[in-house]
$ cat final-v9.txt   # compact mmCIF, C-alpha atoms
# COMPACT_ATOMS: atom_id res chain seq x y z
CA MET A 28 -49.10 15.77 6.09
CA LYS A 29 -50.52 14.42 9.32
CA GLN A 30 -48.76 11.10 8.71
CA ILE A 31 -45.41 12.84 8.24
CA ARG A 32 -45.92 14.87 11.42
CA LEU A 33 -46.87 11.72 13.36
CA TRP A 34 -43.81 9.94 12.01
CA LEU A 35 -41.54 12.82 13.10
CA ILE A 36 -43.04 12.76 16.60
CA ILE A 37 -42.47 9.00 16.88
CA LEU A 38 -38.88 9.41 15.63
CA PHE A 39 -38.21 12.20 18.14
CA ILE A 40 -39.54 10.08 21.02
CA ALA A 41 -37.45 7.07 19.97
CA VAL A 42 -34.24 9.12 19.67
CA SER A 43 -34.87 10.88 23.00
CA SER A 44 -35.55 7.59 24.73
CA SER A 45 -32.32 6.11 23.35
CA ILE A 46 -30.26 9.07 24.57
CA VAL A 47 -31.82 8.98 28.05
CA ASN A 48 -31.26 5.22 28.37
CA SER A 49 -27.63 5.60 27.29
CA LEU A 50 -27.03 8.35 29.85
CA LEU A 51 -28.68 6.33 32.60
CA LYS A 52 -26.62 3.28 31.69
CA ASN A 53 -23.41 5.27 31.90
CA GLU A 54 -24.43 6.73 35.25
CA LEU A 55 -25.25 3.29 36.63
CA GLN A 56 -22.00 1.80 35.36
CA THR A 57 -19.93 4.42 37.16
CA PHE A 58 -21.13 6.67 39.97
CA GLU A 59 -18.91 8.16 42.63
CA VAL A 60 -19.40 7.51 46.34
CA GLY A 61 -16.79 8.80 48.78
CA LYS A 62 -13.21 8.35 47.57
CA PHE A 63 -13.74 5.63 45.00
CA GLU A 64 -16.02 4.76 42.08
CA PHE A 65 -18.42 1.86 41.79
CA GLY A 66 -18.53 0.19 38.42
CA LYS A 67 -16.18 -1.20 35.79
CA TYR A 68 -12.82 0.30 34.90
CA ASP A 69 -11.23 0.29 31.45
CA ASP A 70 -7.84 -1.04 32.54
CA PHE A 71 -6.07 -2.20 35.67
CA ASP A 72 -4.29 1.12 36.21
CA GLU A 73 -7.67 2.85 36.34
CA ALA A 74 -8.96 0.14 38.70
CA LEU A 75 -6.08 0.85 41.09
CA ALA A 76 -6.58 4.62 40.80
CA LYS A 77 -10.36 4.68 41.22
CA GLY A 78 -11.51 1.27 42.44
CA LEU A 79 -9.75 0.83 45.77
CA THR A 80 -11.97 1.61 48.74
CA TYR A 81 -9.22 3.61 50.47
CA ASP A 82 -6.50 5.95 49.24
CA MET A 83 -3.43 3.83 48.59
CA ASN A 84 -0.31 4.97 50.43
CA ARG A 85 2.01 2.15 49.33
CA LEU A 86 1.43 -0.77 46.97
CA ILE A 87 2.76 -3.90 48.66
CA TYR A 88 1.87 -6.91 46.54
CA ILE A 89 -0.20 -8.03 43.53
CA THR A 90 -0.93 -11.65 42.64
CA ARG A 91 -3.58 -13.73 40.85
CA HIS A 92 -5.54 -16.68 42.17
CA ASP A 93 -8.60 -18.48 40.77
CA GLY A 94 -9.01 -15.84 38.05
CA VAL A 95 -8.97 -13.02 40.62
CA THR A 96 -6.32 -10.31 40.96
CA ILE A 97 -5.47 -9.67 44.62
CA VAL A 98 -4.02 -6.33 45.72
CA MET A 99 -2.36 -5.71 49.09
CA TYR A 100 -1.64 -2.10 49.98
CA THR A 101 -1.37 0.30 52.90
CA THR A 102 -3.58 3.29 53.64
CA ILE A 103 -3.56 6.15 56.12
CA PRO A 104 -7.02 5.93 57.74
CA ASP A 105 -9.20 9.00 58.04
CA PRO A 106 -9.19 10.20 61.69
CA VAL A 107 -12.99 10.07 61.58
CA GLU A 108 -12.69 6.29 61.45
CA PHE A 109 -11.18 6.32 64.96
CA GLN A 110 -14.28 7.84 66.54
CA ASP A 111 -15.44 4.47 67.88
CA VAL A 112 -11.98 3.21 68.86
CA MET A 113 -11.60 4.47 72.42
CA GLU A 114 -7.87 3.74 72.85
CA PHE A 115 -6.93 5.80 69.77
CA GLN A 116 -9.41 8.70 69.98
CA ASP A 117 -7.08 11.15 71.72
CA ASN A 118 -3.82 9.99 70.14
CA SER A 119 -3.53 12.31 67.15
CA GLU A 120 0.19 11.54 66.67
CA PHE A 121 -0.60 7.84 66.31
CA GLN A 122 -3.47 8.53 63.92
CA ASN A 123 -1.24 10.64 61.64
CA GLU A 124 1.54 8.04 61.51
CA MET A 125 -0.48 4.83 61.42
CA GLU A 126 -0.70 2.72 58.26
CA ALA A 127 -3.44 0.13 57.92
CA LEU A 128 -2.87 -2.93 55.73
CA VAL A 129 -5.65 -3.75 53.25
CA VAL A 130 -6.33 -6.61 50.81
CA GLN A 131 -8.88 -6.21 48.02
CA PHE A 132 -9.96 -8.24 45.00
CA PHE A 133 -10.49 -7.40 41.32
CA GLU A 134 -11.86 -9.47 38.46
CA GLY A 135 -11.57 -8.73 34.76
CA ASN A 136 -9.15 -7.80 32.01
CA ASN A 137 -8.20 -4.78 29.90
CA GLU A 138 -10.55 -5.85 27.09
CA GLU A 139 -13.76 -6.29 29.11
CA GLY A 140 -12.96 -4.02 32.05
CA TRP A 141 -12.20 -4.53 35.76
CA GLU A 142 -14.57 -4.78 38.71
CA LEU A 143 -13.97 -4.68 42.47
CA LEU A 144 -15.16 -7.79 44.35
CA GLY A 145 -15.63 -8.83 47.94
CA PRO A 146 -15.31 -7.12 51.33
CA ARG A 147 -14.28 -3.49 51.80
CA GLY A 148 -12.63 -2.74 55.12
CA TRP A 149 -9.51 -2.83 57.27
CA THR A 150 -8.52 -3.85 60.79
CA TYR A 151 -5.51 -2.88 62.86
CA TYR A 152 -3.61 -3.86 65.99
CA GLU A 153 -0.02 -3.59 67.18
CA ASN A 154 2.43 -6.43 67.84
CA ASP A 155 6.22 -6.32 68.23
CA ASN A 156 6.65 -9.64 66.38
CA PHE A 157 4.08 -9.67 63.58
CA THR A 158 0.47 -8.80 62.88
CA SER A 159 -1.96 -11.39 61.56
CA TYR A 160 -5.03 -10.48 59.53
CA SER A 161 -7.38 -12.53 57.37
CA THR A 162 -10.04 -11.82 54.80
CA PHE A 163 -12.00 -13.92 52.33
CA LEU A 164 -13.71 -13.83 48.96
CA ARG A 165 -17.07 -15.52 48.40
CA GLU A 166 -18.71 -14.80 45.04
CA TYR A 167 -21.72 -16.51 43.46
CA ASP A 168 -23.23 -16.39 39.98
CA ASP A 169 -26.87 -15.58 39.24
CA ALA A 170 -27.83 -19.24 39.69
CA GLY A 171 -26.32 -19.38 43.16
CA ASN A 172 -23.26 -21.39 42.14
CA VAL A 173 -19.92 -20.58 43.77
CA GLU A 174 -17.61 -18.67 41.42
CA HIS A 175 -14.82 -17.85 43.87
CA SER A 176 -14.23 -19.08 47.41
CA PHE A 177 -10.91 -18.70 49.22
CA ASN A 178 -9.28 -17.10 52.27
CA VAL A 179 -6.28 -14.80 52.43
CA GLY A 180 -3.95 -14.38 55.41
CA PHE A 181 -1.55 -11.42 55.56
CA GLY A 182 0.31 -9.16 57.94
CA GLU A 183 3.39 -7.10 58.73
CA VAL A 184 6.55 -8.68 60.20
CA ASN A 185 8.09 -6.35 62.79
CA ASN A 186 10.68 -8.55 64.55
CA PRO A 187 13.93 -8.75 62.51
CA GLU A 188 14.67 -12.12 64.15
CA ILE A 189 11.70 -13.67 62.28
CA ASP A 190 12.93 -15.22 59.03
CA THR A 191 9.74 -16.90 57.80
CA ILE A 192 6.02 -16.98 58.54
CA GLU A 193 4.10 -20.27 58.51
CA THR A 194 0.35 -20.86 58.64
CA THR A 195 -2.04 -23.75 59.10
CA SER A 196 -5.75 -24.39 59.62
CA HIS A 197 -7.55 -26.24 62.41
CA HIS A 198 -7.89 -29.43 60.35
CA GLU A 199 -4.30 -29.64 59.03
CA ASN A 200 -1.29 -31.19 60.74
CA THR A 201 1.43 -29.35 58.81
CA PHE A 202 2.37 -25.70 58.39
CA THR A 203 2.80 -23.97 55.02
CA GLU A 204 5.39 -21.26 54.49
CA ALA A 205 3.89 -17.92 53.49
CA THR A 206 5.22 -15.56 50.81
CA MET A 207 7.54 -12.97 52.37
CA ILE A 208 7.56 -9.48 50.83
CA GLN A 209 10.24 -6.85 51.37
CA LYS A 210 9.25 -3.22 50.70
CA GLY A 211 12.09 -0.92 51.67
CA PRO A 212 12.64 -1.35 55.42
CA TYR A 213 9.25 -3.04 55.87
CA ARG A 214 8.43 -6.74 55.63
CA TYR A 215 5.08 -8.40 55.07
CA TYR A 216 3.71 -11.88 54.52
CA PHE A 217 0.91 -13.16 52.30
CA GLN A 218 -0.80 -16.55 52.20
CA ILE A 219 -3.81 -17.96 50.35
CA GLY A 220 -5.72 -20.48 52.44
CA GLU A 221 -7.06 -20.81 55.97
CA ASP A 222 -4.69 -19.38 58.57
CA ALA A 223 -6.19 -20.11 61.97
CA ILE A 224 -2.66 -20.53 63.36
CA VAL A 225 0.24 -18.29 62.29
CA ARG A 226 3.79 -18.51 63.62
CA GLY A 227 7.03 -16.63 63.08
CA ILE A 228 10.17 -18.75 62.73
CA SER A 229 13.80 -17.70 63.17
CA VAL A 230 16.55 -18.69 60.73
CA ASP A 231 17.50 -21.46 63.20
CA GLY A 232 13.95 -22.88 63.22
CA GLU A 233 12.94 -21.42 66.61
CA ILE A 234 9.30 -20.41 67.03
CA ILE A 235 9.52 -16.77 68.06
CA ASP A 236 5.77 -16.10 68.20
CA GLN A 237 2.58 -18.00 67.46
CA GLN A 238 -0.86 -16.45 67.12
CA GLY A 239 -4.15 -18.30 66.94
CA SER A 240 -5.04 -21.73 68.27
$ encode --input "final-v9.txt" --output "structure tokens"
Amino acid sequence: MKQIRLWLIILFIAVSSSIVNSLLKNELQTFEVGKFEFGKYDDFDEALAKGLTYDMNRLIYITRHDGVTIVMYTTIPDPVEFQDVMEFQDNSEFQNEMEALVVQFFEGNNEEGWELLGPRGWTYYENDNFTSYSTFLREYDDAGNVEHSFNVGFGEVNNPEIDTIETTSHHENTFTEATMIQKGPYRYYFQIGEDAIVRGISVDGEIIDQQGS
């Protein structure tokens, strides 16, 4: 009788421990912080809905590079994020109308799930010709080996006279034409690689604006 009772106690402890571990695992895999969830997502639609750091206003562009899915989108920043930006603090009309451009990275597939990689942030400035932003992805495995390493240049093209955007790095002698993206009345550009120098070119080949040096 005592042996049966001891066996039942051991069985109860084992089952309880398994349930607790399963619950903890699920909590660790997905826990909510702010407006997005950390963890893996079952499919790419869920990754877009829950994985982006900021609320997506408009989806601009999706592409793949080096096994990574890159998403470019716009967001309407929370006014709280302007608290440290002196020139915008008192301009509520600007804050309500402003769209920030964001690039973020996902890795995975619909069988094994999707995971957000890399930096989480946005920057903003105004320019009548075009804006030029850059971000990068640096990911390493557990042994310290590089898994992904590349830069992304992107921005919004505001001057209708600009036909193409070209970029180059400090150690290259030639420019590479960026991908141009039309979304309704808005135009954007996207380029994978170093973009220390970015220039906007007219249809006649005239350099309308150049940023960087």
$ residues_near_point --input "final-v9.txt" --point "(-3.6, -1.0, 36.8)" --cutoff "12 Å" --atoms "only C-alpha atoms" --output "PyMOL selection string"
chain A and resi 68-79+86+89+96-98+133-137+140-142
$ closest_residue --input "final-v9.txt" --among "A:Ala170, A:Ile219, A:Ile235, A:Leu144" --to "Glu188 (chain A)" --atoms "only C-alpha atoms"
A:Ile235
$ residues_around --input "final-v9.txt" --residues "Glu126 (chain A)" --least-positions-apart "3" --cutoff "7 Å" --atoms "all atoms listed in the file" --output "ChimeraX atom specification"
/A:101-103
$ atom_distance --input "final-v9.txt" --atom1 "CA of Thr162 (chain A)" --atom2 "CA of Val130 (chain A)"
7.5 Å
$ atom_distance --input "final-v9.txt" --atom1 "CA of Tyr100 (chain A)" --atom2 "CA of Gly180 (chain A)"
13.6 Å
$ atom_distance --input "final-v9.txt" --atom1 "CA of Thr150 (chain A)" --atom2 "CA of Asn200 (chain A)"
28.3 Å
$ residues_around --input "final-v9.txt" --residues "Gly227 (chain A)" --least-positions-apart "3" --cutoff "12 Å" --atoms "all atoms listed in the file" --output "PyMOL selection string"
chain A and resi 155-159+182-194+202-205+207+215-216+224+230-239
